[in-house]
Amino acid sequence: MSVHTLTVDGMEVAVPEGATLLDAVRAAGVELPTLCHLDGLSPVGACRLCLVEMETSGHLQPACATAAGEGMAVLTQTPQLQHYRRMAVELFFAEGNHVCAFCVANGNCELQDVAVAVGMDHSRFPYQYPNRRVDASHPRFAIDHHRCILCTRCVRVCDEIEGAHVWDVANRGGECSIIAGLDQPWGEVQACTSCGKCVDVCPTGAIFRKDDTTAEKEANRERPQLLRSAREQHQWQNQ
Amino acid sequence: MTTPSKKLRFATVWLAGCSGCHMSFLDLDEWLFELAEHVDVVFSPVASDLKTYPEQVDVCLVEGAVANVDNLELALQLRQRTRLVISFGDCAVTGNVPALRNLWADVDGGSRQSVLDRSYLELADIGAQHPHAPGIVPELLERVRPLHEVIPVDLYLPGCPPSAERIRAAIEPLLRGETPAMEGTAMLQFG
Ligand code: SF4
Ligand code: SF4
Ligand code: SF4
Ligand code: FES
């Protein structure tokens, strides 16, 4: 297997062919915030939190969706990147309706965690208060679009791992939203097997189990990676 | 700790919030005695009976969002009379629960009318009517705002409510003339 050598913040790392810049950053032991990325799912580059700077060109690239190449040099902690990261997180909060105090995911939310990681103590952007929907038609789960950050993890896990393809993305800009089936109530989409994978991978409190109330959501965000390594490398969690 | 020569003039203010942040402040229990050695409480709904916000306040904790004309007036006044203004709790920092009515901004009549109709007409058992007492019951603003959208804020202390430990960790350095490090889950997590 061929190997690429590159530098991350001046540190030399070697990653296998096919690795992403995010793999290289992690190999260097550097913490980079991510939201849309999830190990085991295909990359989309939707949230832009993992942006890194290419040292020679100065271009910014999403590390999760960029292939690592021989001789690349990337920077991860420049003041410009830190500024953009915090701005991106503030925009996520301003764009939806996030009231952590009574959220099912309070204390177990990746958006909350990245807000802490980027040092967000308030949003400099005015909140939009979009009037979105809650769909509780599924017998066991519900989706509260007010808390959706459009990371598309649910879309990808249902399509790529469960093979049911219940979710899609509809519309654009401020109207953009996740839809079930042909924009139907989730409970009416017969393709849904009720496997709960979308509940497990959703980084926020947008998709949740109906049994759970404030701060009770538990997620299993390693599930796609475990299933993928079981299927592809025949490595099982309990071996 | 060396005792500062002059006590800090300390205030707390309660705008549109549930008073939970103030209750959490009172959870500081015996540390409040220590605080009292370093500050004079010059205005506070829980520790002073003054009705007018005084001049030359050093530090003020402001709980709550800005939701009505009285909140707005007091916010503007305290900014003029205070050196260091702290946004105290999620309602002050983000708008939080009191700002949920902003979701109805685009419906007929707007958020103010919607919340008044719901509370005083639709949910009334008897005598359904809008409150109307000019000069006594403050008018609601159409949009509920976090404090920093109305006045400049010097320090943000999030949490719903911020725990007593978080409040202490934010205030204690101020008594020594230092700025607290607001970082990490213990100091920053919302909710
Ligand atoms: S989804 Fe996360 S950030 Fe949004 S309200 Fe819930 S806990 Fe807060
Ligand atoms: S429960 Fe499973 S099948 Fe149903 S939408 Fe979620 S991931 Fe898809
Ligand atoms: S519902 Fe959850 S997983 Fe799906 S796009 Fe929204 S935030 Fe992401
Ligand atoms: S984690 Fe890379 S763009 Fe979202």
# chains A, B, ... in the order shown; residues from 1 in each chain; ligands from 1
call {"tool": "interface_residues", "arguments": {"of": "chain B", "to": "chain A", "cutoff": "7 Å", "atoms": "only C-alpha atoms", "output": "ChimeraX atom specification"}}
result
/B:93-94,96-97,102-103,156,158,160,183-185,188-191
call {"tool": "write_last_selection", "arguments": {"atoms": "all heavy atoms", "output": "CSV table (one decimal), in the first residue's frame"}}
result
chain,number,residue,atom,x,y,z
B,93,VAL,N,-28.3,36.0,27.5
B,93,VAL,CA,-27.3,35.7,26.5
B,93,VAL,C,-27.9,35.4,25.1
B,93,VAL,O,-27.4,35.8,24.1
B,93,VAL,CB,-26.3,34.6,26.9
B,93,VAL,CG1,-25.3,34.3,25.8
B,93,VAL,CG2,-25.6,35.0,28.2
B,94,THR,N,-29.0,34.6,25.1
B,94,THR,CA,-29.5,34.1,23.8
B,94,THR,C,-31.0,34.5,23.6
B,94,THR,O,-31.5,34.4,22.5
B,94,THR,CB,-29.5,32.6,23.7
B,94,THR,OG1,-30.5,32.0,24.5
B,94,THR,CG2,-28.2,32.0,24.1
B,96,ASN,N,-33.4,32.8,24.8
B,96,ASN,CA,-33.9,31.6,25.4
B,96,ASN,C,-35.4,31.4,25.4
B,96,ASN,O,-36.0,31.8,24.4
B,96,ASN,CB,-33.3,31.5,26.8
B,96,ASN,CG,-33.1,30.1,27.4
B,96,ASN,OD1,-32.8,29.2,26.6
B,96,ASN,ND2,-33.2,29.9,28.7
B,97,VAL,N,-36.0,31.0,26.5
B,97,VAL,CA,-37.4,30.7,26.5
B,97,VAL,C,-38.3,31.9,26.3
B,97,VAL,O,-39.2,31.9,25.5
B,97,VAL,CB,-37.8,30.0,27.8
B,97,VAL,CG1,-39.3,29.7,27.9
B,97,VAL,CG2,-37.0,28.6,27.9
B,102,ASN,N,-40.9,35.0,19.5
B,102,ASN,CA,-40.5,35.5,18.2
B,102,ASN,C,-40.8,34.6,17.1
B,102,ASN,O,-40.8,35.1,15.9
B,102,ASN,CB,-39.0,35.8,18.3
B,102,ASN,CG,-38.6,36.9,19.3
B,102,ASN,OD1,-39.4,37.6,19.7
B,102,ASN,ND2,-37.3,37.0,19.6
B,103,LEU,N,-41.0,33.3,17.3
B,103,LEU,CA,-41.4,32.4,16.3
B,103,LEU,C,-42.7,32.8,15.6
B,103,LEU,O,-43.0,32.4,14.5
B,103,LEU,CB,-41.6,31.0,16.9
B,103,LEU,CG,-40.4,30.2,17.0
B,103,LEU,CD1,-40.6,29.0,18.0
B,103,LEU,CD2,-39.9,29.6,15.7
B,156,TYR,N,-20.1,37.4,29.2
B,156,TYR,CA,-21.2,36.6,29.1
B,156,TYR,C,-21.1,35.4,30.0
B,156,TYR,O,-20.0,34.7,30.0
B,156,TYR,CB,-21.3,36.1,27.6
B,156,TYR,CG,-21.5,37.2,26.6
B,156,TYR,CD1,-20.4,37.9,26.1
B,156,TYR,CD2,-22.7,37.6,26.2
B,156,TYR,CE1,-20.6,39.0,25.3
B,156,TYR,CE2,-22.9,38.7,25.3
B,156,TYR,CZ,-21.8,39.3,24.9
B,156,TYR,OH,-22.0,40.4,24.0
B,158,PRO,N,-23.2,32.2,30.4
B,158,PRO,CA,-24.3,31.4,30.0
B,158,PRO,C,-24.7,30.3,31.0
B,158,PRO,O,-24.0,30.1,31.9
B,158,PRO,CB,-23.8,30.8,28.6
B,158,PRO,CG,-22.4,30.8,28.6
B,158,PRO,CD,-21.9,31.9,29.6
B,160,CYS,N,-28.5,27.7,32.0
B,160,CYS,CA,-30.0,27.9,32.3
B,160,CYS,C,-30.4,27.0,33.5
B,160,CYS,O,-30.9,25.9,33.3
B,160,CYS,CB,-30.8,27.6,31.1
B,160,CYS,SG,-32.6,27.8,31.3
B,183,GLU,N,-14.0,29.7,29.5
B,183,GLU,CA,-13.7,28.7,28.5
B,183,GLU,C,-13.9,27.3,29.1
B,183,GLU,O,-14.0,27.1,30.3
B,183,GLU,CB,-12.3,28.8,27.9
B,183,GLU,CG,-11.2,28.8,29.0
B,183,GLU,CD,-9.8,29.2,28.5
B,183,GLU,OE1,-9.7,29.9,27.5
B,183,GLU,OE2,-8.9,28.7,29.1
B,184,GLY,N,-14.2,26.3,28.1
B,184,GLY,CA,-14.4,25.0,28.6
B,184,GLY,C,-15.9,24.7,29.0
B,184,GLY,O,-16.6,25.7,29.2
B,185,THR,N,-16.2,23.5,29.0
B,185,THR,CA,-17.6,23.1,29.3
B,185,THR,C,-18.1,23.6,30.6
B,185,THR,O,-19.3,24.1,30.7
B,185,THR,CB,-17.7,21.5,29.3
B,185,THR,OG1,-17.2,21.0,28.1
B,185,THR,CG2,-19.2,21.1,29.4
B,188,LEU,N,-18.8,27.4,29.8
B,188,LEU,CA,-19.5,27.9,28.6
B,188,LEU,C,-20.8,27.2,28.2
B,188,LEU,O,-21.6,27.8,27.4
B,188,LEU,CB,-18.5,27.9,27.4
B,188,LEU,CG,-17.5,29.0,27.3
B,188,LEU,CD1,-16.8,28.9,26.0
B,188,LEU,CD2,-18.2,30.4,27.4
B,189,GLN,N,-20.9,25.9,28.5
B,189,GLN,CA,-22.0,25.2,27.9
B,189,GLN,C,-23.4,25.8,28.2
B,189,GLN,O,-23.7,26.1,29.3
B,189,GLN,CB,-22.0,23.7,28.4
B,189,GLN,CG,-23.0,22.9,27.6
B,189,GLN,CD,-22.9,21.4,28.0
B,189,GLN,OE1,-21.9,20.8,27.7
B,189,GLN,NE2,-23.9,20.8,28.6
B,190,PHE,N,-24.2,26.0,27.1
B,190,PHE,CA,-25.5,26.5,27.2
B,190,PHE,C,-26.4,25.4,27.8
B,190,PHE,O,-26.1,24.3,27.9
B,190,PHE,CB,-26.1,26.9,25.8
B,190,PHE,CG,-25.4,28.1,25.2
B,190,PHE,CD1,-24.5,27.9,24.2
B,190,PHE,CD2,-25.6,29.4,25.7
B,190,PHE,CE1,-23.8,29.0,23.6
B,190,PHE,CE2,-25.0,30.4,25.1
B,190,PHE,CZ,-24.1,30.2,24.1
B,191,GLY,N,-27.6,25.9,28.3
B,191,GLY,CA,-28.5,24.9,28.8
B,191,GLY,C,-28.4,24.6,30.3
B,191,GLY,O,-27.4,25.0,30.9
call {"tool": "select_by_dssp", "arguments": {"residues": "stretch 3-166 of chain B", "states": "strand (DSSP E or B)", "output": "VMD selection string"}}
result
chain B and resid 8 to 14 16 39 to 43 57 to 63 65 to 68 82 to 88 140 to 145 155 to 157
call {"tool": "atom_distance", "arguments": {"atom1": "atom CA of A:Glu95", "atom2": "atom CA of A:Ala180"}}
result
21.3 Å
call {"tool": "residues_near_ligand", "arguments": {"ligand": "ligand 3", "cutoff": "6 Å", "atoms": "only C-alpha atoms and all ligand atoms", "output": "PyMOL selection string"}}
result
chain A and resi 148-154+202-204+206-207
call {"tool": "residues_around", "arguments": {"residues": "A:Ala219", "least_positions_apart": "6", "cutoff": "10 Å", "atoms": "only C-alpha atoms", "output": "list in words"}}
result
Ala105, Asn108, Cys109, Gly196, Lys197, Cys198, Val199, Asp200, Val201, Cys202, Pro203, Thr204, Gly205 and Phe208 of chain A
call {"tool": "residues_near_ligand", "arguments": {"ligand": "ligand 4", "cutoff": "9 Å", "atoms": "only C-alpha atoms and all ligand atoms", "output": "list in words"}}
result
Leu22, Leu32, Pro33, Thr34, Leu35, Cys36, His37, Leu38, Pro43, Val44, Gly45, Ala46, Cys47, Arg48, Leu49, Cys50, Leu51, Gln61, Pro62, Ala63, Cys64, Ala65, Thr66 and Cys151 of chain A
call {"tool": "write_last_selection", "arguments": {"atoms": "C-alpha atoms", "output": "mmCIF file, in the first residue's frame"}}
result
data_model
loop_
_atom_site.group_PDB
_atom_site.id
_atom_site.type_symbol
_atom_site.label_atom_id
_atom_site.label_comp_id
_atom_site.auth_asym_id
_atom_site.auth_seq_id
_atom_site.Cartn_x
_atom_site.Cartn_y
_atom_site.Cartn_z
ATOM 1 C CA LEU A 22 -8.925 14.821 8.317
ATOM 2 C CA LEU A 32 -10.258 19.600 14.636
ATOM 3 C CA PRO A 33 -13.966 20.289 15.214
ATOM 4 C CA THR A 34 -16.320 18.414 12.841
ATOM 5 C CA LEU A 35 -20.103 18.139 12.618
ATOM 6 C CA CYS A 36 -21.271 16.679 9.322
ATOM 7 C CA HIS A 37 -18.421 14.162 9.192
ATOM 8 C CA LEU A 38 -19.012 10.788 10.819
ATOM 9 C CA PRO A 43 -17.994 12.666 3.287
ATOM 10 C CA VAL A 44 -20.121 15.652 2.186
ATOM 11 C CA GLY A 45 -18.272 18.761 3.368
ATOM 12 C CA ALA A 46 -21.556 20.355 4.455
ATOM 13 C CA CYS A 47 -20.738 22.151 7.709
ATOM 14 C CA ARG A 48 -17.314 23.729 6.896
ATOM 15 C CA LEU A 49 -16.142 23.388 10.487
ATOM 16 C CA CYS A 50 -13.136 21.275 9.533
ATOM 17 C CA LEU A 51 -11.654 23.866 7.151
ATOM 18 C CA GLN A 61 -10.346 23.204 2.162
ATOM 19 C CA PRO A 62 -12.711 20.999 4.175
ATOM 20 C CA ALA A 63 -10.361 18.394 5.652
ATOM 21 C CA CYS A 64 -13.056 15.693 5.783
ATOM 22 C CA ALA A 65 -13.729 15.886 2.046
ATOM 23 C CA THR A 66 -10.218 16.483 0.664
ATOM 24 C CA CYS A 151 -25.632 17.895 8.298
#
call {"tool": "residues_near_ligand", "arguments": {"ligand": "ligand 2", "cutoff": "9 Å", "atoms": "only C-alpha atoms and all ligand atoms", "output": "MDAnalysis selection string"}}
result
chainID A and resid 140:141 154:159 161:167 180 186 189:201 207
call {"tool": "select_by_dssp", "arguments": {"residues": "stretch 113-166 of chain B", "states": "alpha helix (DSSP H)", "output": "PyMOL selection string"}}
result
chain B and resi 113-116+164-166
call {"tool": "residues_around", "arguments": {"residues": "B:Gly89", "least_positions_apart": "5", "cutoff": "7 Å", "atoms": "only C-alpha atoms", "output": "PyMOL selection string"}}
result
chain B and resi 21+63+157-162
call {"tool": "write_last_selection", "arguments": {"atoms": "C-alpha atoms", "output": "PDB file, in the first residue's frame"}}
result
ATOM      1  CA  CYS B  21     -30.409  32.647  37.707  1.00  0.00           C
ATOM      2  CA  GLU B  63     -30.686  38.123  34.273  1.00  0.00           C
ATOM      3  CA  LEU B 157     -22.132  34.005  31.702  1.00  0.00           C
ATOM      4  CA  PRO B 158     -24.305  31.376  29.959  1.00  0.00           C
ATOM      5  CA  GLY B 159     -26.314  28.542  31.512  1.00  0.00           C
ATOM      6  CA  CYS B 160     -29.973  27.880  32.292  1.00  0.00           C
ATOM      7  CA  PRO B 161     -29.319  28.621  35.048  1.00  0.00           C
ATOM      8  CA  PRO B 162     -25.531  28.965  35.378  1.00  0.00           C
TER       9      PRO B 162
END
call {"tool": "atom_distance", "arguments": {"atom1": "atom CA of A:Val15", "atom2": "atom CA of A:Ala68"}}
result
7.8 Å
call {"tool": "residues_around", "arguments": {"residues": "A:Ala24", "least_positions_apart": "6", "cutoff": "12 Å", "atoms": "only C-alpha atoms", "output": "MDAnalysis selection string"}}
result
chainID A and resid 3:9 11:18 30:32 52 63:64 66:70 72:76
call {"tool": "closest_residue", "arguments": {"among": "B:Asp90, B:Gln80, B:Glu149, B:Gln56", "to": "ligand 1", "atoms": "only C-alpha atoms and all ligand atoms"}}
result
B:Asp90
call {"tool": "residues_around", "arguments": {"residues": "A:Glu222", "least_positions_apart": "2", "cutoff": "8 Å", "atoms": "only C-alpha atoms", "output": "ChimeraX atom specification"}}
result
/A:39,201,220,224-226
call {"tool": "write_last_selection", "arguments": {"atoms": "C-alpha atoms", "output": "short mmCIF file (atom, residue, chain, number, x, y, z; two decimals), in the first residue's frame"}}
result
data_model
loop_
_atom_site.label_atom_id
_atom_site.label_comp_id
_atom_site.auth_asym_id
_atom_site.auth_seq_id
_atom_site.Cartn_x
_atom_site.Cartn_y
_atom_site.Cartn_z
CA ASP A 39 -16.67 7.82 10.56
CA VAL A 201 -26.09 9.49 14.31
CA ASN A 220 -24.53 5.74 19.51
CA PRO A 224 -22.02 3.29 11.29
CA GLN A 225 -18.28 2.67 11.66
CA LEU A 226 -18.86 -0.54 13.66
#
call {"tool": "decode", "arguments": {"residues": "stretch 149-186 of chain B", "atoms": "N, CA and C atoms", "output": "short mmCIF file (atom, residue, chain, number, x, y, z; two decimals), in the first residue's frame"}}
result
data_model
loop_
_atom_site.label_atom_id
_atom_site.label_comp_id
_atom_site.auth_asym_id
_atom_site.auth_seq_id
_atom_site.Cartn_x
_atom_site.Cartn_y
_atom_site.Cartn_z
N GLU B 149 -28.04 42.74 22.16
CA GLU B 149 -28.61 43.39 20.98
C GLU B 149 -29.17 44.77 21.34
N VAL B 150 -29.17 45.08 22.65
CA VAL B 150 -29.75 46.33 23.11
C VAL B 150 -28.68 47.26 23.69
N ILE B 151 -27.73 46.70 24.43
CA ILE B 151 -26.63 47.48 25.00
C ILE B 151 -25.33 46.68 24.86
N PRO B 152 -24.16 47.33 24.87
CA PRO B 152 -22.90 46.58 24.87
C PRO B 152 -22.75 45.81 26.17
N VAL B 153 -22.31 44.55 26.05
CA VAL B 153 -22.14 43.67 27.21
C VAL B 153 -20.65 43.37 27.36
N ASP B 154 -20.15 43.33 28.59
CA ASP B 154 -18.72 43.13 28.82
C ASP B 154 -18.34 41.68 29.05
N LEU B 155 -19.28 40.89 29.62
CA LEU B 155 -18.95 39.49 29.93
C LEU B 155 -20.21 38.65 29.79
N TYR B 156 -20.06 37.44 29.24
CA TYR B 156 -21.20 36.55 29.05
C TYR B 156 -21.06 35.36 29.98
N LEU B 157 -22.13 35.10 30.74
CA LEU B 157 -22.13 34.01 31.70
C LEU B 157 -23.33 33.11 31.38
N PRO B 158 -23.16 32.18 30.40
CA PRO B 158 -24.31 31.38 29.96
C PRO B 158 -24.69 30.29 30.96
N GLY B 159 -25.81 29.61 30.65
CA GLY B 159 -26.31 28.54 31.51
C GLY B 159 -27.77 28.79 31.84
N CYS B 160 -28.54 27.73 32.01
CA CYS B 160 -29.97 27.88 32.29
C CYS B 160 -30.36 27.00 33.46
N PRO B 161 -30.11 27.44 34.70
CA PRO B 161 -29.32 28.62 35.05
C PRO B 161 -27.84 28.26 35.10
N PRO B 162 -26.93 29.27 35.10
CA PRO B 162 -25.53 28.96 35.38
C PRO B 162 -25.45 28.40 36.80
N SER B 163 -24.66 27.36 36.98
CA SER B 163 -24.55 26.77 38.32
C SER B 163 -23.88 27.76 39.27
N ALA B 164 -24.09 27.55 40.56
CA ALA B 164 -23.46 28.41 41.57
C ALA B 164 -21.94 28.39 41.39
N GLU B 165 -21.37 27.23 41.08
CA GLU B 165 -19.91 27.13 40.90
C GLU B 165 -19.46 28.00 39.72
N ARG B 166 -20.25 27.96 38.63
CA ARG B 166 -19.90 28.76 37.46
C ARG B 166 -20.00 30.26 37.79
N ILE B 167 -21.03 30.63 38.54
CA ILE B 167 -21.19 32.05 38.90
C ILE B 167 -20.00 32.50 39.75
N ARG B 168 -19.65 31.65 40.71
CA ARG B 168 -18.52 32.01 41.59
C ARG B 168 -17.23 32.12 40.79
N ALA B 169 -17.01 31.16 39.86
CA ALA B 169 -15.78 31.19 39.07
C ALA B 169 -15.71 32.43 38.18
N ALA B 170 -16.87 32.99 37.84
CA ALA B 170 -16.88 34.20 37.02
C ALA B 170 -16.68 35.45 37.88
N ILE B 171 -17.25 35.45 39.08
CA ILE B 171 -17.20 36.66 39.92
C ILE B 171 -15.89 36.80 40.70
N GLU B 172 -15.40 35.67 41.19
CA GLU B 172 -14.24 35.71 42.10
C GLU B 172 -13.05 36.49 41.52
N PRO B 173 -12.67 36.22 40.25
CA PRO B 173 -11.54 36.99 39.70
C PRO B 173 -11.82 38.49 39.63
N LEU B 174 -13.09 38.86 39.40
CA LEU B 174 -13.44 40.28 39.29
C LEU B 174 -13.14 41.01 40.60
N LEU B 175 -13.30 40.31 41.72
CA LEU B 175 -13.04 40.92 43.03
C LEU B 175 -11.57 41.28 43.18
N ARG B 176 -10.73 40.54 42.44
CA ARG B 176 -9.28 40.81 42.49
C ARG B 176 -8.86 41.72 41.34
N GLY B 177 -9.84 42.23 40.60
CA GLY B 177 -9.53 43.09 39.46
C GLY B 177 -9.06 42.32 38.25
N GLU B 178 -9.33 40.99 38.23
CA GLU B 178 -8.92 40.18 37.07
C GLU B 178 -10.12 39.80 36.24
N THR B 179 -9.85 39.40 34.98
CA THR B 179 -10.93 38.96 34.09
C THR B 179 -11.01 37.43 34.15
N PRO B 180 -12.20 36.87 34.36
CA PRO B 180 -12.29 35.40 34.42
C PRO B 180 -12.07 34.77 33.05
N ALA B 181 -11.49 33.57 33.02
CA ALA B 181 -11.31 32.84 31.77
C ALA B 181 -12.60 32.08 31.48
N MET B 182 -13.38 32.59 30.53
CA MET B 182 -14.63 31.92 30.20
C MET B 182 -14.34 30.92 29.10
N GLU B 183 -13.95 29.72 29.48
CA GLU B 183 -13.69 28.68 28.48
C GLU B 183 -13.95 27.30 29.05
N GLY B 184 -14.18 26.34 28.14
CA GLY B 184 -14.42 24.97 28.55
C GLY B 184 -15.87 24.74 28.95
N THR B 185 -16.24 23.46 29.00
CA THR B 185 -17.63 23.06 29.28
C THR B 185 -18.11 23.64 30.61
N ALA B 186 -17.25 23.63 31.61
CA ALA B 186 -17.67 24.08 32.94
C ALA B 186 -18.13 25.54 32.95
#
